[in-house]
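The structure appears right after this line, and notes come after that.
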Amino acid sequence: MIHVYKTKVRERMLDLFQHMNNAAYMTLFEEARWERITEAGYGVDRVRETGIGFVVLKSEIRYKHEVKNREDIEIRTECVEVLRKMVRLKQTMVNLSASAAVVGPVIAAEAEFVIGCFDTQARRLIEPPADWLAAVL
């Protein structure tokens, strides 16, 4: 299943060159992951209730085309692989604004994240319970 999160680039996300700062990409990818997980019933309240959450173990972003102020973007999130205590996610940021392309949407960035199922009390990775796994799939 591919989850789609739409947003708009804001002034606070820009760097000296007037395009989106690399740190803003990380923030937006995280926002998209939280939207997916929350919509699936495993948001912050559920993490606090169960003591089982998500931790990023690896992140990699490939920047393809710049994104500028007030452009509309969407982030597509999908599960690529389920490992024992981890899940590998692929996220694609697409620039939807007319100023981004002559022919249509442009892939602005592609990212891969490995997230682990984290026990907040024991402070270690654990085998994911079914509801945790369902939230990320």
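Order determines the names: the first chain of the structure tokens is A, the second B, and so forth; residues in each chain are numbered 1 upward, and ligands are numbered 1 upward as they are shown.
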- Query: Hey, what's within 10 Å of A:Arg88 if we count only C-alpha atoms and toss same-chain stuff fewer than 3 positions away? As an MDAnalysis selection string, please?
  - Reply: chainID A and resid 56:59 78:83 112:116 136
- Message: Just list as number ranges by chain whatever in chain A DSSP marks as strand (DSSP E or B).
- Response: A: 3-8, 14, 19-20, 52-63, 68, 72-82, 86-95, 106-119, 124-125
- Neighbour list for A:Ala23 as a PyMOL selection string, cut-off 12 Å, only C-alpha atoms, skip fewer than 2 positions in-chain: chain A and resi 12-15+19-21+25-30+61+63
For C-alpha atoms, I'd like the residues from the last selection saved as a CSV table (one decimal), in the first residue's frame.
```csv
chain,number,residue,atom,x,y,z
A,12,ARG,CA,11.0,28.4,7.1
A,13,MET,CA,12.2,25.4,5.0
A,14,LEU,CA,14.4,27.4,2.7
A,15,ASP,CA,18.1,27.8,2.7
A,19,HIS,CA,15.3,26.3,-2.3
A,20,MET,CA,14.4,23.7,0.3
A,21,ASN,CA,17.1,23.0,2.9
A,25,TYR,CA,13.5,17.1,3.6
A,26,MET,CA,14.2,14.9,6.6
A,27,THR,CA,11.4,16.7,8.6
A,28,LEU,CA,8.9,16.3,5.8
A,29,PHE,CA,9.7,12.6,5.3
A,30,GLU,CA,9.2,12.1,9.0
A,61,ILE,CA,18.2,10.6,0.6
A,63,TYR,CA,18.2,14.7,-4.1
```
- Query: Skipping near chain neighbours, those fewer than 4 positions away, what residues fall within 9 Å of A:Pro128 using only C-alpha atoms, listed as an MDAnalysis selection string?
  - Reply: chainID A and resid 52 84:86 116:118 132:133
- Excluding A:Ala134 and any residue of its chain fewer than 5 positions from it, enumerate the residues within 12 Å of it, using only C-alpha atoms, and give them as a ChimeraX atom specification. /A:1,36-42,79,82,87,128-129
Convert the current residue selection to file output with C-alpha atoms, as an mmCIF file, in the first residue's frame.
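Okay, again-v5.cif is ready:
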```
data_model
loop_
_atom_site.group_PDB
_atom_site.id
_atom_site.type_symbol
_atom_site.label_atom_id
_atom_site.label_comp_id
_atom_site.auth_asym_id
_atom_site.auth_seq_id
_atom_site.Cartn_x
_atom_site.Cartn_y
_atom_site.Cartn_z
ATOM 1 C CA MET A 1 0.000 0.000 0.000
ATOM 2 C CA ARG A 36 0.796 7.079 7.688
ATOM 3 C CA ILE A 37 1.292 5.465 11.078
ATOM 4 C CA THR A 38 -1.257 7.683 12.843
ATOM 5 C CA GLU A 39 -3.912 7.099 10.181
ATOM 6 C CA ALA A 40 -3.339 3.365 10.672
ATOM 7 C CA GLY A 41 -4.143 3.709 14.399
ATOM 8 C CA TYR A 42 -0.626 3.741 15.870
ATOM 9 C CA CYS A 79 6.976 -0.625 2.752
ATOM 10 C CA VAL A 82 9.944 -6.567 6.450
ATOM 11 C CA VAL A 87 11.022 -2.473 8.234
ATOM 12 C CA PRO A 128 6.954 -6.101 16.310
ATOM 13 C CA PRO A 129 3.441 -6.805 17.553
#
```
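Near A:Val44, within 9 Å and counting only C-alpha atoms, sit Trp34, Thr38, Val47, Arg48, Glu49 and Gly53 of chain A, not including residues fewer than 3 positions from it in the same chain.
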Those same residues - C-alpha atoms - I'd like them written as a short mmCIF file (atom, residue, chain, number, x, y, z; two decimals), in the first residue's frame.
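The resulting out_7.cif:
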```cif
data_model
loop_
_atom_site.label_atom_id
_atom_site.label_comp_id
_atom_site.auth_asym_id
_atom_site.auth_seq_id
_atom_site.Cartn_x
_atom_site.Cartn_y
_atom_site.Cartn_z
CA TRP A 34 3.86 9.82 11.19
CA THR A 38 -1.26 7.68 12.84
CA VAL A 47 3.10 4.62 21.39
CA ARG A 48 2.74 6.11 24.89
CA GLU A 49 0.08 3.57 25.83
CA GLY A 53 7.38 2.86 19.05
#
```
- Residues at most 10 Å from A:Glu74, counting only C-alpha atoms, excluding those fewer than 5 positions away in the same chain, as a PyMOL selection string? chain A and resi 3-8+28-29+32+92-96+105+107-108
